[in-house]
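Okay, so here's the structure we're looking at.
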Amino acid sequence: KGGAAADVIIGGTLSDTLTGGAGNDTFHLVGHANNFIYDTITDATNGDILLAANAGTETSLGKLTLSAAAGFSDYLDVAAAGAGNTNGVWANFVYGGNTYITLDLSAGASFVAGTDLVIELAGVKDLAGTTFAGANSITLDVDGA
């Protein structure tokens, strides 16, 4: 848990609840053992940074929208369908009332637990102003401005 200043926060190997507090915080993304273990940021704000392992010149699929019948794993697989092992591929989606950001770092045609990354931002966030391409870190803009 962060404090009143800018903090660096690293989740562990389990599902961690991360709270940055005031200031522009940096959250290090880590891989987890399966698709349903991921960290949750409870208070993502404009200016917070998500940092991941560098994978070339990252690109972005943008916001994914699937049919109402799609499950969480379906979203993860679509987000990770490219060859992210050369150049990582960011994507984001809303599922079950929360926002998820993924980074495809594998050559697999589906989400590879332990290699590909996913993090949950509590609540529905408008990430339209967030720039996802070109770097292994992104600075969040969670209100679309």
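Numbering starts fresh at 1 for the residues of each chain in the structure tokens, the chains themselves are lettered A, B, ... in the order given, and ligands are numbered from 1 as they appear.
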
Skip Asn24 in chain A itself and residues of its chain fewer than 5 positions away, then list as a short mmCIF file (atom, residue, chain, number, x, y, z; two decimals) with all heavy atoms, in the first residue's frame all residues within 6 Å of it, counting only C-alpha atoms.
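Below you can see part.cif, which holds the result:
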```cif
data_model
loop_
_atom_site.label_atom_id
_atom_site.label_comp_id
_atom_site.auth_asym_id
_atom_site.auth_seq_id
_atom_site.Cartn_x
_atom_site.Cartn_y
_atom_site.Cartn_z
N ALA A 6 4.42 9.79 -4.40
CA ALA A 6 4.52 8.82 -5.48
C ALA A 6 5.24 7.58 -4.96
O ALA A 6 6.30 7.68 -4.34
CB ALA A 6 5.29 9.42 -6.65
N GLY A 47 -2.11 9.75 -14.31
CA GLY A 47 -0.71 9.93 -13.97
C GLY A 47 -0.04 8.71 -13.35
O GLY A 47 1.18 8.66 -13.28
N ASP A 48 -0.83 7.73 -12.89
CA ASP A 48 -0.22 6.49 -12.40
C ASP A 48 0.44 5.77 -13.59
O ASP A 48 0.00 5.89 -14.73
CB ASP A 48 -1.27 5.57 -11.78
CG ASP A 48 -1.67 6.01 -10.38
OD1 ASP A 48 -1.01 6.89 -9.79
OD2 ASP A 48 -2.67 5.47 -9.87
#
```

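The residue set within 7 Å of range 32-44 of chain A, counting only C-alpha atoms and dropping same-chain residues fewer than 3 places from it, reads Gly11, Thr13, Leu14, Ser15, Asp16, Thr17, Leu18, Thr19, Gly20, Asp48, Ala113, Gly114, Val118, Ile119, Glu120, Leu121 and Ala122 of chain A.
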
Best match for closeness to Ala79 in chain A among A:Gly129, A:Gly108, A:Gly23, A:Gly96, counting only C-alpha atoms: A:Gly108

For Val78 in chain A: contacts at 10 Å, only C-alpha atoms, fewer than 5 positions along chain excluded, given as a PyMOL selection string: chain A and resi 61+64-66+73+91+104+109-111

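Take CA of Ala70 in chain A and CA of Leu127 in chain A: the distance between them is 21.0 Å.
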
Sel. of strand (DSSP E or B) residues, chain A, as a ChimeraX atom specification: /A:8-10,17-18,26-28,39-41,49-51,59-63,89-95,98-104,117-121,126,137-139,143

Selection above as a file: C-alpha atoms, as a compact mmCIF listing (two decimals), in the first residue's frame:
```txt
# COMPACT_ATOMS: atom_id res chain seq x y z
CA VAL A 8 6.62 2.13 -6.45
CA ILE A 9 4.40 -0.90 -5.85
CA ILE A 10 5.12 -4.47 -6.92
CA THR A 17 -4.94 -5.74 -3.93
CA LEU A 18 -2.78 -2.71 -4.63
CA THR A 26 4.27 3.19 -10.44
CA PHE A 27 2.84 -0.33 -10.45
CA HIS A 28 5.16 -3.11 -11.68
CA ASP A 39 -3.40 -7.98 -9.20
CA THR A 40 -6.08 -5.32 -8.70
CA ILE A 41 -5.36 -1.60 -8.44
CA ILE A 49 2.25 4.34 -14.34
CA LEU A 50 2.07 0.65 -15.26
CA LEU A 51 5.52 -0.81 -15.87
CA THR A 59 1.98 -1.79 -29.99
CA SER A 60 -1.69 -1.70 -29.03
CA LEU A 61 -4.93 -3.38 -29.97
CA GLY A 62 -6.81 -0.64 -28.11
CA LYS A 63 -10.07 -1.38 -26.35
CA VAL A 89 1.00 -5.85 -27.52
CA TRP A 90 -1.13 -3.86 -25.05
CA ALA A 91 -4.93 -4.20 -24.95
CA ASN A 92 -7.72 -3.26 -22.57
CA PHE A 93 -11.30 -4.29 -21.95
CA VAL A 94 -14.16 -3.98 -19.50
CA TYR A 95 -15.54 -7.15 -17.96
CA ASN A 98 -14.03 -3.57 -13.96
CA THR A 99 -11.34 -2.54 -16.44
CA TYR A 100 -8.49 -4.86 -17.42
CA ILE A 101 -5.20 -4.05 -19.13
CA THR A 102 -3.18 -6.82 -20.75
CA LEU A 103 0.29 -7.05 -22.27
CA ASP A 104 0.90 -9.92 -24.69
CA LEU A 117 0.28 -9.98 -18.16
CA VAL A 118 -3.11 -8.79 -16.93
CA ILE A 119 -4.02 -6.26 -14.25
CA GLU A 120 -7.45 -5.17 -13.04
CA LEU A 121 -8.37 -1.55 -12.44
CA ASP A 126 -12.26 5.47 -19.77
CA SER A 137 5.32 1.53 -19.50
CA ILE A 138 2.08 3.45 -19.84
CA THR A 139 0.89 6.51 -18.02
CA ASP A 143 -11.13 9.64 -17.20
```

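Note that CA of Gly31 in chain A and CA of Thr115 in chain A are 5.6 Å apart.
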
Å distance separating CA of Glu58 in chain A from CA of Gly144 in chain A, one decimal place: 21.2 Å

Given only C-alpha atoms as the counted atoms, nearest of A:Ala5, A:Ala145, A:Ala53, A:Ala133 to Ser106 in chain A: A:Ala53

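Closest to Gly88 in chain A among A:Asn46, A:Tyr75, A:Asp141, A:Gly134 is A:Gly134, based on only C-alpha atoms.
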